[in-house]
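Participant: Contents of query.csv (CSV, C-alpha atoms) are given next:
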chain,number,residue,atom,x,y,z
T,1,MET,CA,-13.8,-136.9,129.0
T,2,ALA,CA,-14.5,-140.6,129.4
T,3,GLN,CA,-13.4,-143.0,126.8
T,4,LEU,CA,-16.2,-143.9,124.3
T,5,LEU,CA,-17.0,-147.6,124.2
T,6,TYR,CA,-17.9,-149.4,121.0
T,7,LEU,CA,-19.5,-152.9,120.7
T,8,ASP,CA,-15.9,-154.2,120.2
T,9,ASP,CA,-14.9,-152.9,123.6
T,10,LEU,CA,-17.6,-154.8,125.5
T,11,ALA,CA,-17.5,-158.3,126.9
T,12,VAL,CA,-20.1,-160.6,128.4
T,13,GLY,CA,-19.8,-160.5,132.2
T,14,ARG,CA,-18.2,-157.1,132.4
T,15,ILE,CA,-19.7,-154.8,135.2
T,16,PHE,CA,-20.2,-151.1,135.1
T,17,SER,CA,-21.1,-148.9,138.0
T,18,THR,CA,-22.6,-145.4,138.6
T,19,HIS,CA,-22.3,-142.9,141.4
T,20,SER,CA,-25.3,-142.6,143.7
T,21,THR,CA,-28.2,-140.3,144.3
T,22,THR,CA,-30.5,-139.8,147.3
T,23,LEU,CA,-34.2,-139.3,146.9
T,24,THR,CA,-35.8,-136.3,148.6
T,25,LEU,CA,-39.4,-136.1,149.6
T,26,GLU,CA,-39.8,-133.0,147.5
T,27,GLY,CA,-38.3,-134.7,144.4
T,28,CYS,CA,-40.7,-137.7,144.9
T,29,LYS,CA,-43.7,-135.5,145.2
T,30,ALA,CA,-42.8,-133.2,142.3
T,31,PHE,CA,-42.3,-136.2,139.9
T,32,ALA,CA,-45.6,-137.8,141.1
T,33,ALA,CA,-47.5,-134.5,140.7
T,34,GLU,CA,-46.4,-134.3,137.1
T,35,PHE,CA,-46.4,-137.9,136.0
T,36,ASP,CA,-48.0,-140.3,138.5
T,37,PRO,CA,-50.5,-138.3,140.6
T,38,GLN,CA,-51.7,-141.2,142.8
T,39,PRO,CA,-52.3,-140.4,146.5
T,40,PHE,CA,-49.7,-142.9,147.9
T,41,HIS,CA,-47.0,-141.0,145.9
T,42,LEU,CA,-48.2,-137.6,147.1
T,43,ASP,CA,-49.5,-137.8,150.6
T,44,ASP,CA,-48.1,-139.2,153.8
T,45,ALA,CA,-51.4,-140.5,155.2
T,46,ALA,CA,-52.4,-142.1,151.9
T,47,GLY,CA,-48.9,-143.8,151.7
T,48,GLU,CA,-49.4,-145.2,155.2
T,49,GLY,CA,-52.8,-146.7,154.2
T,50,SER,CA,-51.4,-148.3,151.0
T,51,VAL,CA,-49.5,-151.5,150.2
T,52,PHE,CA,-46.3,-149.4,150.4
T,53,GLY,CA,-46.8,-148.7,154.2
T,54,ARG,CA,-45.7,-145.1,153.7
T,55,LEU,CA,-45.2,-142.5,150.9
T,56,ALA,CA,-43.3,-144.3,148.1
T,57,ALA,CA,-41.7,-143.0,145.0
T,58,SER,CA,-43.3,-143.7,141.6
T,59,GLY,CA,-41.6,-146.6,139.9
T,60,TRP,CA,-41.2,-144.3,136.9
T,61,TYR,CA,-39.2,-141.9,139.1
T,62,THR,CA,-37.0,-144.8,140.0
T,63,ALA,CA,-36.7,-145.6,136.3
T,64,SER,CA,-35.9,-142.0,135.4
T,65,LEU,CA,-33.3,-141.6,138.1
T,66,THR,CA,-31.8,-144.9,137.0
T,67,MET,CA,-31.4,-143.4,133.5
T,68,ARG,CA,-29.8,-140.3,134.9
T,69,LEU,CA,-27.3,-142.4,136.9
T,70,LEU,CA,-26.5,-144.5,133.8
T,71,VAL,CA,-25.9,-141.4,131.6
T,72,GLU,CA,-23.4,-140.2,134.2
T,73,GLY,CA,-21.9,-143.6,134.8
T,74,GLU,CA,-19.1,-145.8,133.5
T,75,LEU,CA,-20.9,-147.3,130.6
T,76,THR,CA,-20.0,-144.5,128.2
T,77,ILE,CA,-21.2,-146.0,124.9
T,78,ALA,CA,-20.3,-144.1,121.7
T,79,GLY,CA,-23.5,-142.7,120.2
T,80,GLY,CA,-25.1,-142.7,123.7
T,81,LEU,CA,-27.4,-145.0,125.6
T,82,ILE,CA,-30.2,-145.9,123.2
T,83,GLY,CA,-32.6,-148.4,124.5
T,84,LEU,CA,-34.8,-150.6,122.2
T,85,GLY,CA,-36.7,-152.3,125.0
T,86,ALA,CA,-36.6,-153.4,128.6
T,87,GLU,CA,-37.9,-156.1,130.9
T,88,MET,CA,-38.4,-154.4,134.2
T,89,THR,CA,-39.4,-155.4,137.7
T,90,TRP,CA,-39.7,-153.4,140.8
T,91,PRO,CA,-39.0,-156.0,143.6
T,92,ARG,CA,-39.5,-153.5,146.4
T,93,PRO,CA,-40.6,-149.9,146.7
T,94,THR,CA,-38.3,-146.9,146.7
T,95,TYR,CA,-38.8,-144.3,149.5
T,96,PRO,CA,-37.7,-140.7,150.1
T,97,GLY,CA,-34.3,-140.9,151.8
T,98,ASP,CA,-33.2,-144.0,149.9
T,99,THR,CA,-29.8,-143.7,148.2
T,100,LEU,CA,-29.7,-145.4,144.8
T,101,ARG,CA,-26.9,-146.6,142.5
T,102,VAL,CA,-26.9,-148.8,139.4
T,103,GLU,CA,-24.8,-151.8,138.6
T,104,THR,CA,-24.8,-153.0,134.9
T,105,GLU,CA,-23.7,-156.4,133.8
T,106,ILE,CA,-23.3,-157.2,130.1
T,107,LEU,CA,-25.3,-160.3,129.3
T,108,ALA,CA,-25.1,-160.7,125.5
T,109,ILE,CA,-23.5,-159.0,122.5
T,110,ARG,CA,-24.8,-159.6,119.0
T,111,VAL,CA,-23.7,-157.9,115.7
T,112,SER,CA,-26.5,-156.9,113.5
T,113,GLU,CA,-26.8,-159.1,110.4
T,114,SER,CA,-28.5,-156.4,108.2
T,115,LYS,CA,-26.4,-153.5,109.5
T,116,PRO,CA,-22.9,-154.7,110.3
T,117,ASP,CA,-21.7,-151.3,111.6
T,118,ARG,CA,-23.8,-151.8,114.8
T,119,GLY,CA,-25.1,-154.4,117.2
T,120,ILE,CA,-27.5,-155.1,120.0
T,121,VAL,CA,-26.1,-155.4,123.6
T,122,THR,CA,-28.3,-157.0,126.3
T,123,ALA,CA,-27.5,-155.8,129.8
T,124,ARG,CA,-29.0,-156.1,133.3
T,125,ASN,CA,-29.3,-152.8,135.1
T,126,GLN,CA,-29.8,-153.4,138.8
T,127,THR,CA,-30.8,-150.3,140.8
T,128,LEU,CA,-29.8,-150.9,144.4
T,129,ASN,CA,-30.8,-149.1,147.5
T,130,GLN,CA,-28.5,-148.2,150.4
T,131,HIS,CA,-29.0,-151.8,151.8
T,132,GLY,CA,-27.8,-153.3,148.6
T,133,GLU,CA,-31.3,-154.5,147.8
T,134,PRO,CA,-32.6,-154.3,144.2
T,135,VAL,CA,-35.5,-151.8,143.8
T,136,GLN,CA,-35.5,-152.1,140.0
T,137,VAL,CA,-34.1,-154.8,137.8
T,138,ALA,CA,-34.1,-153.9,134.1
T,139,VAL,CA,-32.8,-156.2,131.4
T,140,VAL,CA,-32.4,-153.8,128.5
T,141,LYS,CA,-31.5,-154.1,124.8
T,142,MET,CA,-29.3,-151.3,123.6
T,143,LEU,CA,-28.2,-150.2,120.1
T,144,VAL,CA,-24.4,-150.0,120.1
T,145,PRO,CA,-22.1,-149.0,117.2
T,146,ARG,CA,-19.1,-151.0,116.1
T,147,ARG,CA,-15.7,-149.3,116.1
T,148,PRO,CA,-15.2,-147.6,112.7
T,149,ALA,CA,-12.4,-148.9,110.6
T,150,ALA,CA,-9.2,-146.9,111.1
X,1,MET,CA,-65.8,-139.6,140.4
X,2,ALA,CA,-65.2,-142.7,138.2
X,3,GLN,CA,-66.3,-146.1,139.3
X,4,LEU,CA,-63.6,-148.0,141.1
X,5,LEU,CA,-62.7,-151.3,139.4
X,6,TYR,CA,-61.9,-154.5,141.2
X,7,LEU,CA,-60.3,-157.7,139.8
X,8,ASP,CA,-63.9,-159.1,139.6
X,9,ASP,CA,-64.9,-156.3,137.3
X,10,LEU,CA,-62.2,-156.9,134.6
X,11,ALA,CA,-62.4,-159.4,131.7
X,12,VAL,CA,-59.8,-160.6,129.3
X,13,GLY,CA,-60.0,-158.7,126.0
X,14,ARG,CA,-61.6,-155.6,127.5
X,15,ILE,CA,-60.1,-152.3,126.2
X,16,PHE,CA,-59.6,-149.1,128.2
X,17,SER,CA,-58.7,-145.7,126.7
X,18,THR,CA,-57.1,-142.4,127.9
X,19,HIS,CA,-57.3,-138.9,126.7
X,20,SER,CA,-54.3,-137.5,124.7
X,21,THR,CA,-51.4,-135.2,125.4
X,22,THR,CA,-49.2,-133.3,123.0
X,23,LEU,CA,-45.4,-133.1,123.6
X,24,THR,CA,-43.8,-129.7,123.6
X,25,LEU,CA,-40.1,-129.0,122.8
X,26,GLU,CA,-39.8,-127.4,126.2
X,27,GLY,CA,-41.2,-130.4,128.0
X,28,CYS,CA,-39.0,-132.8,126.1
X,29,LYS,CA,-35.9,-130.7,126.9
X,30,ALA,CA,-36.8,-130.2,130.6
X,31,PHE,CA,-37.3,-133.9,131.2
X,32,ALA,CA,-34.1,-134.7,129.4
X,33,ALA,CA,-32.1,-132.1,131.4
X,34,GLU,CA,-33.2,-133.7,134.6
X,35,PHE,CA,-33.2,-137.4,133.8
X,36,ASP,CA,-31.7,-138.2,130.4
X,37,PRO,CA,-29.1,-135.5,129.5
X,38,GLN,CA,-27.9,-136.9,126.2
X,39,PRO,CA,-27.3,-134.5,123.3
X,40,PHE,CA,-29.9,-135.9,121.0
X,41,HIS,CA,-32.6,-135.2,123.6
X,42,LEU,CA,-31.4,-131.7,124.3
X,43,ASP,CA,-30.0,-130.1,121.1
X,44,ASP,CA,-31.5,-129.8,117.6
X,45,ALA,CA,-28.2,-130.3,115.8
X,46,ALA,CA,-27.3,-133.3,117.9
X,47,GLY,CA,-30.7,-134.8,117.2
X,48,GLU,CA,-30.2,-134.4,113.4
X,49,GLY,CA,-26.9,-136.1,113.6
X,50,SER,CA,-28.3,-139.1,115.6
X,51,VAL,CA,-30.2,-142.3,114.7
X,52,PHE,CA,-33.4,-140.4,115.5
X,53,GLY,CA,-32.9,-137.9,112.6
X,54,ARG,CA,-34.0,-135.0,114.8
X,55,LEU,CA,-34.4,-134.1,118.5
X,56,ALA,CA,-36.3,-137.0,120.1
X,57,ALA,CA,-37.9,-137.4,123.5
X,58,SER,CA,-36.3,-139.6,126.0
X,59,GLY,CA,-38.1,-143.0,126.1
X,60,TRP,CA,-38.5,-142.5,129.8
X,61,TYR,CA,-40.4,-139.3,129.1
X,62,THR,CA,-42.7,-141.3,126.9
X,63,ALA,CA,-43.0,-143.9,129.7
X,64,SER,CA,-43.7,-141.2,132.3
X,65,LEU,CA,-46.3,-139.4,130.1
X,66,THR,CA,-47.9,-142.8,129.5
X,67,MET,CA,-48.3,-143.3,133.3
X,68,ARG,CA,-49.9,-139.8,133.6
X,69,LEU,CA,-52.4,-140.7,130.8
X,70,LEU,CA,-53.2,-144.0,132.5
X,71,VAL,CA,-53.8,-142.5,135.9
X,72,GLU,CA,-56.3,-140.1,134.3
X,73,GLY,CA,-57.8,-142.7,132.0
X,74,GLU,CA,-60.6,-145.2,132.1
X,75,LEU,CA,-58.8,-148.0,134.0
X,76,THR,CA,-59.7,-146.7,137.4
X,77,ILE,CA,-58.5,-149.6,139.5
X,78,ALA,CA,-59.4,-149.6,143.2
X,79,GLY,CA,-56.2,-149.1,145.2
X,80,GLY,CA,-54.6,-147.4,142.2
X,81,LEU,CA,-52.3,-148.5,139.3
X,82,ILE,CA,-49.6,-150.5,141.0
X,83,GLY,CA,-47.1,-152.1,138.7
X,84,LEU,CA,-45.0,-155.1,139.6
X,85,GLY,CA,-43.1,-155.2,136.3
X,86,ALA,CA,-43.2,-154.4,132.6
X,87,GLU,CA,-41.9,-155.7,129.3
X,88,MET,CA,-41.4,-152.5,127.3
X,89,THR,CA,-40.4,-151.8,123.7
X,90,TRP,CA,-40.1,-148.5,122.0
X,91,PRO,CA,-40.8,-149.4,118.3
X,92,ARG,CA,-40.2,-145.8,117.1
X,93,PRO,CA,-39.1,-142.5,118.6
X,94,THR,CA,-41.4,-139.8,120.0
X,95,TYR,CA,-40.8,-136.3,118.9
X,96,PRO,CA,-41.9,-132.8,120.1
X,97,GLY,CA,-45.3,-132.1,118.6
X,98,ASP,CA,-46.4,-135.7,118.7
X,99,THR,CA,-49.8,-136.3,120.3
X,100,LEU,CA,-49.9,-139.5,122.4
X,101,ARG,CA,-52.8,-141.6,123.9
X,102,VAL,CA,-52.8,-145.0,125.5
X,103,GLU,CA,-54.9,-148.0,124.7
X,104,THR,CA,-55.0,-150.8,127.3
X,105,GLU,CA,-56.1,-154.4,126.6
X,106,ILE,CA,-56.5,-156.9,129.5
X,107,LEU,CA,-54.5,-160.0,128.6
X,108,ALA,CA,-54.8,-162.2,131.7
X,109,ILE,CA,-56.3,-162.2,135.2
X,110,ARG,CA,-55.1,-164.4,138.0
X,111,VAL,CA,-56.2,-164.6,141.6
X,112,SER,CA,-53.3,-164.8,144.1
X,113,GLU,CA,-53.1,-168.3,145.7
X,114,SER,CA,-51.4,-167.0,148.9
X,115,LYS,CA,-53.5,-163.8,149.2
X,116,PRO,CA,-57.0,-164.5,147.9
X,117,ASP,CA,-58.1,-160.8,148.4
X,118,ARG,CA,-56.0,-159.7,145.4
X,119,GLY,CA,-54.7,-160.8,142.1
X,120,ILE,CA,-52.4,-160.1,139.2
X,121,VAL,CA,-53.7,-158.6,136.0
X,122,THR,CA,-51.5,-158.6,132.9
X,123,ALA,CA,-52.3,-155.8,130.4
X,124,ARG,CA,-50.8,-154.4,127.2
X,125,ASN,CA,-50.5,-150.6,127.3
X,126,GLN,CA,-49.9,-149.3,123.8
X,127,THR,CA,-48.9,-145.7,123.6
X,128,LEU,CA,-49.9,-144.5,120.1
X,129,ASN,CA,-48.9,-141.3,118.3
X,130,GLN,CA,-51.2,-139.1,116.2
X,131,HIS,CA,-50.7,-141.5,113.2
X,132,GLY,CA,-51.9,-144.5,115.3
X,133,GLU,CA,-48.4,-145.9,115.4
X,134,PRO,CA,-47.2,-147.5,118.6
X,135,VAL,CA,-44.3,-145.5,120.2
X,136,GLN,CA,-44.3,-147.7,123.3
X,137,VAL,CA,-45.7,-151.1,124.0
X,138,ALA,CA,-45.6,-152.2,127.6
X,139,VAL,CA,-47.0,-155.5,128.8
X,140,VAL,CA,-47.4,-154.8,132.5
X,141,LYS,CA,-48.3,-156.9,135.6
X,142,MET,CA,-50.5,-155.0,138.1
X,143,LEU,CA,-51.6,-155.7,141.6
X,144,VAL,CA,-55.4,-155.5,141.7
X,145,PRO,CA,-57.7,-156.0,144.8
X,146,ARG,CA,-60.7,-158.3,144.7
X,147,ARG,CA,-64.1,-156.8,145.5
X,148,PRO,CA,-64.5,-157.0,149.3
X,149,ALA,CA,-67.4,-159.2,150.5
X,150,ALA,CA,-70.5,-157.1,151.1
Show me the file's structure as structure tokens.

Facilitator:
Amino acid sequence: MAQLLYLDDLAVGRIFSTHSTTLTLEGCKAFAAEFDPQPFHLDDAAGEGSVFGRLAASGWYTASLTMRLLVEGELTIAGGLIGLGAEMTWPRPTYPGDTLRVETEILAIRVSESKPDRGIVTARNQTLNQHGEPVQVAVVKMLVPRRPAA
Amino acid sequence: MAQLLYLDDLAVGRIFSTHSTTLTLEGCKAFAAEFDPQPFHLDDAAGEGSVFGRLAASGWYTASLTMRLLVEGELTIAGGLIGLGAEMTWPRPTYPGDTLRVETEILAIRVSESKPDRGIVTARNQTLNQHGEPVQVAVVKMLVPRRPAA
């Protein structure tokens, strides 16, 4: 089992990685059918006629797969990955066949004033495709516990 | 079929609604198993021992259901709902049994300088539970076409 990380174990500038996952056409369509049933996420011809140029994955599928990669990645925070908010952009579409991985950089660490047993960590989660291009950039604020006194 | 809305049809301050959806325990667990397999989203006892107090839905499930509600809602933009980015917060957890709906307010409208056939609309999508409390607030930027010349 991976070592559990507390606020005290993190440092600004530290980088954490994940493994990768490859999107299938079936996975893209299944997600879209349930959560984002727009023609350009479901139908090849509609994708070709859209701003995406071909069938593209829902941005929320990219976001959800990013979460899965993070949960299974190196940033094994004690108490889990609990997000309070996120500033997200999707600089380019994600397509079936793309292989995604996530790189996290710690941007800021702040101990809570009202609850000194925890803090807020700001991190940038960049979801990169197989060309190393960002398809999602999310600056997230996470709730992270401090290491309990021995 | 609903009327398709162009940039020219929108106005700052205008409000759009959606229908509502009720989260089931099965739906929360199925989403978590696929995209956010953390114990407090999957297991009752783990939920009770977490900051959520009981099994809570993944924030990305709330986000994905919000998208579904929006796609089926009143904001029927020509060309679809295409997001470029979002600033999101989750002010409180979502739980199985909660009934969610989304209220959208148009905050800003800007015609593209480089591509005058389209523009960027900024909107606030508030996802509200059955008590009228926001569980997700997303300020989104969307790509919206202008009405073609007759």

Participant: May I have a table of the residues of chain T lying at most 8 Å from chain X, giving each one's closest pair of atoms and their distance in Å to one decimal, counting all atoms listed in the file, ordered by chain and ascending residue number, as CSV?

Facilitator:
residue,atom,partner,partner_atom,distance
T:Glu34,CA,X:Arg68,CA,7.4
T:Phe35,CA,X:Arg68,CA,4.6
T:Asp36,CA,X:Arg68,CA,5.3
T:Pro37,CA,X:Val71,CA,7.1
T:Gln38,CA,X:Gly80,CA,6.9
T:Ser50,CA,X:Gly79,CA,7.6
T:Gly59,CA,X:Gly83,CA,7.9
T:Trp60,CA,X:Ser64,CA,6.1
T:Ala63,CA,X:Trp60,CA,7.4
T:Ser64,CA,X:Phe35,CA,5.6
T:Leu65,CA,X:Phe35,CA,6.0
T:Met67,CA,X:Asp36,CA,6.1
T:Arg68,CA,X:Phe35,CA,4.6
T:Val71,CA,X:Asp36,CA,6.7
T:Gly79,CA,X:Ser50,CA,7.6
T:Gly80,CA,X:Gln38,CA,6.9
T:Gly83,CA,X:Gly59,CA,7.9
T:Leu84,CA,X:Trp90,CA,5.7
T:Gly85,CA,X:Thr89,CA,4.0
T:Ala86,CA,X:Met88,CA,5.1
T:Glu87,CA,X:Glu87,CA,4.3
T:Met88,CA,X:Ala86,CA,5.1
T:Thr89,CA,X:Gly85,CA,4.0
T:Trp90,CA,X:Leu84,CA,5.7
T:Pro91,CA,X:Leu84,CA,7.3

Participant: Give the superposed chain T as a compact mmCIF listing (two decimals) with C-alpha atoms, in the frame of the given file, the fit being least squares on chain X over all ordered C-alpha pairs.

Facilitator:
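Saved file out.txt follows:
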# COMPACT_ATOMS: atom_id res chain seq x y z
CA MET T 1 -65.84 -139.65 140.42
CA ALA T 2 -65.17 -142.68 138.25
CA GLN T 3 -66.30 -146.04 139.33
CA LEU T 4 -63.52 -148.08 141.06
CA LEU T 5 -62.75 -151.36 139.33
CA TYR T 6 -61.88 -154.51 141.23
CA LEU T 7 -60.31 -157.72 139.77
CA ASP T 8 -63.92 -159.06 139.57
CA ASP T 9 -64.90 -156.25 137.25
CA LEU T 10 -62.21 -156.99 134.66
CA ALA T 11 -62.34 -159.35 131.72
CA VAL T 12 -59.75 -160.64 129.28
CA GLY T 13 -60.04 -158.69 126.02
CA ARG T 14 -61.61 -155.61 127.52
CA ILE T 15 -60.08 -152.25 126.21
CA PHE T 16 -59.55 -149.08 128.11
CA SER T 17 -58.62 -145.75 126.67
CA THR T 18 -57.09 -142.42 127.86
CA HIS T 19 -57.36 -138.86 126.65
CA SER T 20 -54.35 -137.50 124.79
CA THR T 21 -51.42 -135.23 125.39
CA THR T 22 -49.11 -133.34 123.02
CA LEU T 23 -45.41 -133.13 123.61
CA THR T 24 -43.78 -129.70 123.60
CA LEU T 25 -40.17 -129.07 122.82
CA GLU T 26 -39.75 -127.40 126.17
CA GLY T 27 -41.27 -130.39 128.04
CA CYS T 28 -38.90 -132.78 126.13
CA LYS T 29 -35.88 -130.75 126.94
CA ALA T 30 -36.77 -130.16 130.60
CA PHE T 31 -37.30 -133.95 131.22
CA ALA T 32 -34.01 -134.78 129.38
CA ALA T 33 -32.08 -132.12 131.35
CA GLU T 34 -33.19 -133.71 134.58
CA PHE T 35 -33.23 -137.38 133.77
CA ASP T 36 -31.64 -138.26 130.41
CA PRO T 37 -29.12 -135.51 129.56
CA GLN T 38 -27.94 -136.97 126.22
CA PRO T 39 -27.32 -134.46 123.39
CA PHE T 40 -29.94 -135.92 120.94
CA HIS T 41 -32.63 -135.22 123.62
CA LEU T 42 -31.39 -131.68 124.25
CA ASP T 43 -30.08 -130.15 121.10
CA ASP T 44 -31.49 -129.78 117.63
CA ALA T 45 -28.19 -130.26 115.76
CA ALA T 46 -27.22 -133.28 117.85
CA GLY T 47 -30.73 -134.83 117.19
CA GLU T 48 -30.24 -134.33 113.46
CA GLY T 49 -26.85 -136.16 113.58
CA SER T 50 -28.28 -139.12 115.59
CA VAL T 51 -30.21 -142.28 114.71
CA PHE T 52 -33.39 -140.32 115.58
CA GLY T 53 -32.87 -137.85 112.61
CA ARG T 54 -33.94 -134.95 114.82
CA LEU T 55 -34.42 -134.06 118.53
CA ALA T 56 -36.35 -136.98 120.09
CA ALA T 57 -37.95 -137.36 123.43
CA SER T 58 -36.36 -139.65 126.05
CA GLY T 59 -38.09 -143.00 126.11
CA TRP T 60 -38.48 -142.47 129.85
CA TYR T 61 -40.45 -139.28 129.12
CA THR T 62 -42.68 -141.34 126.91
CA ALA T 63 -43.00 -143.85 129.74
CA SER T 64 -43.77 -141.15 132.30
CA LEU T 65 -46.35 -139.45 130.15
CA THR T 66 -47.89 -142.85 129.49
CA MET T 67 -48.28 -143.26 133.27
CA ARG T 68 -49.85 -139.86 133.58
CA LEU T 69 -52.36 -140.68 130.81
CA LEU T 70 -53.19 -144.03 132.48
CA VAL T 71 -53.77 -142.40 135.92
CA GLU T 72 -56.25 -140.06 134.25
CA GLY T 73 -57.78 -142.71 132.06
CA GLU T 74 -60.61 -145.24 132.11
CA LEU T 75 -58.83 -147.99 133.90
CA THR T 76 -59.71 -146.72 137.37
CA ILE T 77 -58.53 -149.66 139.50
CA ALA T 78 -59.43 -149.57 143.22
CA GLY T 79 -56.22 -149.12 145.21
CA GLY T 80 -54.61 -147.41 142.16
CA LEU T 81 -52.32 -148.50 139.37
CA ILE T 82 -49.54 -150.49 141.02
CA GLY T 83 -47.16 -152.05 138.65
CA LEU T 84 -44.98 -155.12 139.57
CA GLY T 85 -43.09 -155.24 136.29
CA ALA T 86 -43.19 -154.43 132.62
CA GLU T 87 -41.91 -155.66 129.28
CA MET T 88 -41.38 -152.56 127.24
CA THR T 89 -40.38 -151.72 123.70
CA TRP T 90 -40.05 -148.46 121.98
CA PRO T 91 -40.77 -149.34 118.27
CA ARG T 92 -40.24 -145.79 117.06
CA PRO T 93 -39.10 -142.52 118.56
CA THR T 94 -41.38 -139.89 120.04
CA TYR T 95 -40.84 -136.25 118.88
CA PRO T 96 -41.91 -132.81 120.13
CA GLY T 97 -45.31 -132.12 118.56
CA ASP T 98 -46.44 -135.74 118.69
CA THR T 99 -49.84 -136.29 120.32
CA LEU T 100 -49.97 -139.44 122.45
CA ARG T 101 -52.79 -141.59 123.87
CA VAL T 102 -52.81 -145.02 125.49
CA GLU T 103 -54.94 -148.01 124.71
CA THR T 104 -54.97 -150.87 127.35
CA GLU T 105 -56.10 -154.37 126.64
CA ILE T 106 -56.52 -156.88 129.47
CA LEU T 107 -54.55 -159.99 128.64
CA ALA T 108 -54.76 -162.20 131.75
CA ILE T 109 -56.36 -162.18 135.20
CA ARG T 110 -55.07 -164.43 137.95
CA VAL T 111 -56.17 -164.57 141.66
CA SER T 112 -53.37 -164.80 144.06
CA GLU T 113 -53.09 -168.24 145.68
CA SER T 114 -51.38 -166.99 148.92
CA LYS T 115 -53.45 -163.81 149.22
CA PRO T 116 -56.96 -164.43 147.94
CA ASP T 117 -58.12 -160.81 148.48
CA ARG T 118 -56.02 -159.70 145.44
CA GLY T 119 -54.73 -160.79 142.07
CA ILE T 120 -52.33 -160.05 139.29
CA VAL T 121 -53.72 -158.53 136.01
CA THR T 122 -51.53 -158.62 132.86
CA ALA T 123 -52.31 -155.84 130.41
CA ARG T 124 -50.80 -154.40 127.21
CA ASN T 125 -50.46 -150.64 127.26
CA GLN T 126 -49.96 -149.35 123.74
CA THR T 127 -48.92 -145.68 123.52
CA LEU T 128 -49.92 -144.42 120.10
CA ASN T 129 -48.89 -141.34 118.28
CA GLN T 130 -51.18 -139.11 116.20
CA HIS T 131 -50.70 -141.56 113.21
CA GLY T 132 -51.93 -144.43 115.26
CA GLU T 133 -48.44 -145.90 115.36
CA PRO T 134 -47.15 -147.51 118.59
CA VAL T 135 -44.23 -145.55 120.17
CA GLN T 136 -44.24 -147.68 123.33
CA VAL T 137 -45.67 -151.10 123.92
CA ALA T 138 -45.68 -152.14 127.58
CA VAL T 139 -47.01 -155.45 128.81
CA VAL T 140 -47.39 -154.79 132.51
CA LYS T 141 -48.31 -156.86 135.59
CA MET T 142 -50.48 -154.99 138.02
CA LEU T 143 -51.59 -155.74 141.61
CA VAL T 144 -55.38 -155.53 141.71
CA PRO T 145 -57.68 -156.06 144.73
CA ARG T 146 -60.70 -158.32 144.71
CA ARG T 147 -64.09 -156.81 145.55
CA PRO T 148 -64.58 -156.99 149.35
CA ALA T 149 -67.40 -159.13 150.55
CA ALA T 150 -70.58 -157.11 151.10

Participant: Each residue of segment 68-143 of chain T with at least one atom at most 8 Å from segment 5-29 of chain T should appear once, together with its nearest atom pair and the corresponding distance in Å (one decimal); atoms considered: all atoms listed in the file; ordering: chain, then increasing residue number; output as a tab-separated table.

Facilitator:
residue	atom	partner	partner_atom	distance
T:Leu69	CA	T:Thr18	CA	5.8
T:Leu70	CA	T:Thr18	CA	6.2
T:Glu72	CA	T:Thr18	CA	6.9
T:Gly73	CA	T:Thr18	CA	4.3
T:Glu74	CA	T:Phe16	CA	5.6
T:Leu75	CA	T:Phe16	CA	5.9
T:Thr76	CA	T:Leu5	CA	5.9
T:Ile77	CA	T:Leu5	CA	4.5
T:Ala78	CA	T:Leu5	CA	5.4
T:Tyr95	CA	T:Leu23	CA	7.3
T:Pro96	CA	T:Leu25	CA	4.9
T:Gly97	CA	T:Leu23	CA	5.2
T:Asp98	CA	T:Thr22	CA	5.6
T:Thr99	CA	T:Thr22	CA	4.1
T:Leu100	CA	T:Ser20	CA	5.3
T:Arg101	CA	T:Ser20	CA	4.5
T:Val102	CA	T:Thr18	CA	5.5
T:Glu103	CA	T:Ser17	CA	4.7
T:Thr104	CA	T:Phe16	CA	5.0
T:Glu105	CA	T:Ile15	CA	4.5
T:Ile106	CA	T:Val12	CA	5.0
T:Leu107	CA	T:Val12	CA	5.3
T:Ala108	CA	T:Val12	CA	5.8
T:Ile109	CA	T:Val12	CA	7.0
T:Arg118	CA	T:Leu7	CA	7.4
T:Gly119	CA	T:Leu7	CA	6.8
T:Val121	CA	T:Leu7	CA	7.6

Participant: Please indicate the distance in Å from atom CA of Ser112 of chain X to atom CA of Gln3 of chain X, rounded to one decimal place.

Facilitator: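 Value for the atom CA of Ser112 of chain X-atom CA of Gln3 of chain X distance: 23.3 Å.
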
Participant: Work out how far atom CA of Ala57 of chain T is from atom CA of Ala30 of chain T, in Å to one decimal.

Facilitator: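 Interatomic distance here is 10.2 Å.
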
Participant: What is the distance between atom CA of Val144 of chain T and atom CA of Gly132 of chain X, in Å to one decimal?

Facilitator: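 Computed distance, atom CA of Val144 of chain T to atom CA of Gly132 of chain X, equals 28.5 Å.
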